[in-house]
>>> print(open('coords-v2.txt').read())   # compact mmCIF, C-alpha atoms
# COMPACT_ATOMS: atom_id res chain seq x y z
CA MET A 28 83.61 -9.88 -48.09
CA LEU A 29 85.00 -7.44 -45.55
CA LYS A 30 81.59 -7.25 -43.83
CA ILE A 31 81.46 -11.03 -43.44
CA ILE A 32 84.94 -11.10 -41.91
CA LEU A 33 83.98 -8.25 -39.58
CA VAL A 34 80.82 -10.07 -38.46
CA PHE A 35 82.82 -13.25 -37.73
CA ALA A 36 85.46 -11.26 -35.85
CA ILE A 37 82.84 -9.53 -33.69
CA ALA A 38 81.06 -12.85 -33.03
CA PHE A 39 84.39 -14.43 -32.05
CA LEU A 40 85.18 -11.60 -29.63
CA LEU A 41 81.70 -11.71 -28.08
CA GLN A 42 81.93 -15.47 -27.62
CA GLY A 43 85.35 -15.07 -25.99
CA ALA A 44 84.05 -12.38 -23.62
CA ALA A 45 81.02 -14.52 -22.70
CA SER A 46 83.31 -17.52 -22.05
CA VAL A 47 85.50 -15.43 -19.75
CA MET A 48 82.38 -14.33 -17.85
CA GLN A 49 81.27 -17.96 -17.49
CA MET A 50 84.73 -18.98 -16.21
CA LYS A 51 84.60 -16.21 -13.60
CA TYR A 52 81.12 -17.37 -12.58
CA PHE A 53 82.32 -20.97 -12.26
CA ALA A 54 85.36 -19.89 -10.23
CA LYS A 55 83.09 -17.94 -7.88
CA GLU A 56 80.79 -20.95 -7.42
CA PHE A 57 83.75 -23.27 -6.85
CA THR A 58 85.27 -20.90 -4.30
CA GLU A 59 81.96 -20.66 -2.46
CA LEU A 60 81.81 -24.46 -2.13
CA ARG A 61 85.50 -24.71 -1.30
CA ARG A 62 85.05 -22.37 1.66
CA GLN A 63 82.54 -24.86 3.07
CA GLY A 64 84.88 -27.88 2.80
CA LYS A 65 86.43 -30.34 0.37
CA VAL A 66 85.18 -30.31 -3.21
CA VAL A 67 85.38 -33.04 -5.85
CA CYS A 68 85.03 -31.96 -9.46
CA GLY A 69 84.16 -34.01 -12.53
CA ARG A 70 83.93 -32.75 -16.08
CA GLN A 71 83.05 -33.87 -19.57
CA ALA A 72 83.46 -31.72 -22.67
CA GLY A 73 80.47 -31.60 -24.94
CA GLY A 74 81.61 -30.32 -28.32
CA PHE A 75 78.32 -29.82 -30.16
CA HIS A 76 76.40 -31.49 -27.31
CA ALA A 77 75.84 -30.18 -23.80
CA GLY A 78 79.04 -30.36 -21.77
CA ALA A 79 78.89 -30.91 -18.04
CA ILE A 80 80.80 -30.08 -14.87
CA VAL A 81 79.78 -31.43 -11.46
CA LEU A 82 80.93 -30.24 -8.06
CA PHE A 83 80.43 -32.34 -4.95
CA LEU A 84 80.97 -30.83 -1.51
CA ILE A 85 82.10 -33.76 0.65
CA ASP A 86 82.95 -34.39 4.29
CA ASP A 87 86.11 -36.11 5.56
CA GLU A 88 84.68 -39.58 4.85
CA GLY A 89 83.78 -38.76 1.23
CA ILE A 90 80.04 -38.42 1.84
CA ILE A 91 78.37 -35.89 -0.42
CA ARG A 92 76.82 -32.95 1.42
CA ARG A 93 75.94 -30.82 -1.59
CA ALA A 94 75.92 -31.44 -5.35
CA ARG A 95 75.96 -28.80 -8.09
CA LYS A 96 76.11 -29.07 -11.86
CA LEU A 97 76.86 -26.82 -14.80
CA GLU A 98 75.40 -28.31 -17.96
CA GLY A 99 74.79 -26.75 -21.32
CA VAL A 100 75.92 -26.01 -24.86
CA THR A 101 76.31 -22.25 -24.60
CA CYS A 102 78.27 -19.96 -22.33
CA LEU A 103 74.94 -18.93 -20.77
CA ALA A 104 74.71 -22.16 -18.73
CA ARG A 105 74.66 -21.64 -14.95
CA MET A 106 75.24 -23.80 -11.88
CA LYS A 107 72.23 -25.64 -10.50
CA GLU A 108 71.65 -27.89 -7.52
CA MET A 109 71.58 -31.65 -8.20
CA ASP A 110 69.20 -33.67 -6.10
CA GLY A 111 69.61 -37.32 -5.15
CA PHE A 112 73.33 -37.28 -4.35
CA GLN A 113 73.31 -36.05 -0.74
CA GLY A 114 74.43 -38.75 1.70
CA LYS A 115 76.09 -40.96 -0.94
CA TYR A 116 79.76 -41.92 -0.95
CA VAL A 117 81.43 -40.10 -3.85
CA GLY A 118 83.82 -42.97 -4.61
CA SER A 119 80.96 -45.36 -5.34
CA LEU A 120 79.19 -43.23 -7.94
CA THR A 121 78.82 -44.89 -11.34
CA GLY A 122 76.83 -42.33 -13.30
CA GLU A 123 73.73 -44.54 -13.17
CA GLU A 124 72.31 -42.03 -10.70
CA VAL A 125 71.78 -39.61 -13.61
CA PRO A 126 69.00 -40.12 -16.20
CA LYS A 127 70.19 -41.64 -19.49
CA THR A 128 69.18 -38.50 -21.35
CA HIS A 129 72.10 -36.61 -19.79
CA LYS A 130 75.02 -38.59 -21.27
CA ASN A 131 77.79 -36.06 -20.55
CA LEU A 132 76.47 -35.39 -17.06
CA ARG A 133 76.72 -39.14 -16.37
CA LYS A 134 80.32 -39.10 -17.60
CA ALA A 135 81.11 -36.06 -15.43
CA VAL A 136 79.75 -37.88 -12.35
CA LYS A 137 81.91 -40.92 -13.19
CA ASP A 138 84.91 -38.62 -13.67
CA ALA A 139 84.34 -37.09 -10.23
CA ALA A 140 84.22 -40.56 -8.64
CA LEU A 141 87.39 -41.60 -10.48
CA THR A 142 89.18 -38.39 -9.50
CA TYR A 143 88.25 -38.93 -5.85
CA CYS A 144 89.44 -42.55 -5.90
CA ARG A 145 92.73 -41.53 -7.50
CA TYR A 146 93.17 -38.82 -4.86
CA ILE A 147 92.43 -41.23 -1.98
CA SER A 148 94.93 -43.77 -3.36
CA GLY A 149 97.63 -41.08 -3.25
CA GLU A 150 98.12 -40.89 -7.02
CA GLU A 151 99.88 -37.75 -8.21
CA PHE A 152 97.91 -35.48 -10.52
CA GLU A 153 99.68 -34.02 -13.50
CA MET A 154 98.54 -30.54 -14.39
CA PRO A 155 97.40 -30.31 -18.02
CA PRO A 156 99.44 -27.96 -20.17
CA SER A 157 98.16 -24.43 -20.64
CA PRO A 158 97.28 -23.23 -24.15
CA PHE A 159 100.59 -21.31 -24.25
CA GLN A 160 102.53 -24.44 -23.30
CA LYS A 161 100.78 -26.38 -26.07
CA VAL A 162 101.73 -23.74 -28.63
CA GLY A 163 105.30 -23.69 -27.33
CA ARG A 164 105.59 -27.47 -27.60
CA SER A 165 104.17 -27.39 -31.13
CA VAL A 166 106.66 -24.73 -32.22
CA THR A 167 109.55 -26.60 -30.58
CA GLY A 168 108.51 -29.84 -32.29
CA PHE A 169 108.20 -28.07 -35.64
CA MET A 170 111.65 -26.52 -35.25
CA GLN A 171 113.19 -29.88 -34.35
CA GLN A 172 111.58 -31.51 -37.41
CA LYS A 173 112.97 -28.74 -39.58
CA LYS A 174 116.50 -29.35 -38.23
CA VAL A 175 116.22 -33.10 -38.92
CA LEU A 176 115.15 -32.46 -42.53
CA GLN A 177 118.13 -30.17 -43.21
>>> encode(input="coords-v2.txt", output="structure tokens")
Amino acid sequence: MLKIILVFAIAFLLQGAASVMQMKYFAKEFTELRRQGKVVCGRQAGGFHAGAIVLFLIDDEGIIRRARKLEGVTCLARMKEMDGFQGKYVGSLTGEEVPKTHKNLRKAVKDAALTYCRYISGEEFEMPPSPFQKVGRSVTGFMQQKKVLQ
């Protein structure tokens, strides 16, 4: 039993380390694009299917100059160029530009277009809570429930 727990613990730590490496890789790729100009990002979580993140380097009019994607199930996925997007207006993307076999990539492209349109309209973006903030809110909510029950 102890061996099984040890194997799971080691696998968990390795997966965490690989995820951190992938996040650093993504940050490096994003920074590289960001140094060239404005970047629009779209994402779609995959769960047990391939998740996807798209990055569009755009000019001041919202025309795509370069498109990159990160798509995959594992933390070994890497950024690749996406053809067929150069010269298109990012706000008009519908996801139909992506083959139907890449469902989450299509959703990520739509998310990028929606994000750009929200940005252009002046809508404020709320930052999602960090994992620590989520835990803190859960603990606070639990403590408040406990006080109500007493």
>>> residues_around(input="coords-v2.txt", residues="Ile90 in chain A", least_positions_apart="3", cutoff="6 Å", atoms="all atoms listed in the file", output="NGL selection string")
:A and (85-86 or 114-116)
>>> atom_distance(input="coords-v2.txt", atom1="CA of Val47 in chain A", atom2="CA of Asp110 in chain A")
28.0 Å
>>> atom_distance(input="coords-v2.txt", atom1="CA of Ser46 in chain A", atom2="CA of Cys102 in chain A")
5.6 Å
>>> closest_residue(input="coords-v2.txt", among="A:Arg70, A:Arg164, A:Lys107, A:Arg92", to="Glu56 in chain A", atoms="all atoms listed in the file")
A:Lys107
>>> closest_residue(input="coords-v2.txt", among="A:Ala79, A:Val166, A:Ile91, A:Ala44", to="Ala140 in chain A", atoms="all atoms listed in the file")
A:Ile91
>>> axis_aligned_box(input="coords-v2.txt", around="range 41-45 of chain A", padding_each_side="6 Å", output="JSON")
{"center_x": 83.2, "center_y": -13.6, "center_z": -25.4, "size_x": 16.3, "size_y": 15.8, "size_z": 17.4}
>>> closest_residue(input="coords-v2.txt", among="A:Phe75, A:Tyr52, A:Phe57, A:Tyr146", to="Arg105 in chain A", atoms="only C-alpha atoms")
A:Tyr52
>>> atom_distance(input="coords-v2.txt", atom1="CA of Lys137 in chain A", atom2="CA of Gly69 in chain A")
7.3 Å
>>> residues_around(input="coords-v2.txt", residues="Leu84 in chain A", least_positions_apart="5", cutoff="7 Å", atoms="all atoms listed in the file", output="list of chain:residue names")
A:Leu60, A:Gly64, A:Lys65, A:Val66, A:Val67, A:Ile91, A:Arg92, A:Arg93, A:Ala94
>>> closest_residue(input="coords-v2.txt", among="A:Ala36, A:Ile80, A:Met106, A:Cys144", to="Asn131 in chain A", atoms="all atoms listed in the file")
A:Ile80
>>> residues_around(input="coords-v2.txt", residues="Tyr143 in chain A", least_positions_apart="2", cutoff="9 Å", atoms="only C-alpha atoms", output="MDAnalysis selection string")
chainID A and resid 67:68 89 117:118 138:141 145:148
>>> write_last_selection(input="coords-v2.txt", atoms="C-alpha atoms", output="compact mmCIF listing (two decimals), in the coordinates of the input")
# COMPACT_ATOMS: atom_id res chain seq x y z
CA VAL A 67 85.38 -33.04 -5.85
CA CYS A 68 85.03 -31.96 -9.46
CA GLY A 89 83.78 -38.76 1.23
CA VAL A 117 81.43 -40.10 -3.85
CA GLY A 118 83.82 -42.97 -4.61
CA ASP A 138 84.91 -38.62 -13.67
CA ALA A 139 84.34 -37.09 -10.23
CA ALA A 140 84.22 -40.56 -8.64
CA LEU A 141 87.39 -41.60 -10.48
CA ARG A 145 92.73 -41.53 -7.50
CA TYR A 146 93.17 -38.82 -4.86
CA ILE A 147 92.43 -41.23 -1.98
CA SER A 148 94.93 -43.77 -3.36
>>> closest_residue(input="coords-v2.txt", among="A:Gly111, A:Phe39, A:Phe53, A:Glu153", to="Pro126 in chain A", atoms="all atoms listed in the file")
A:Gly111
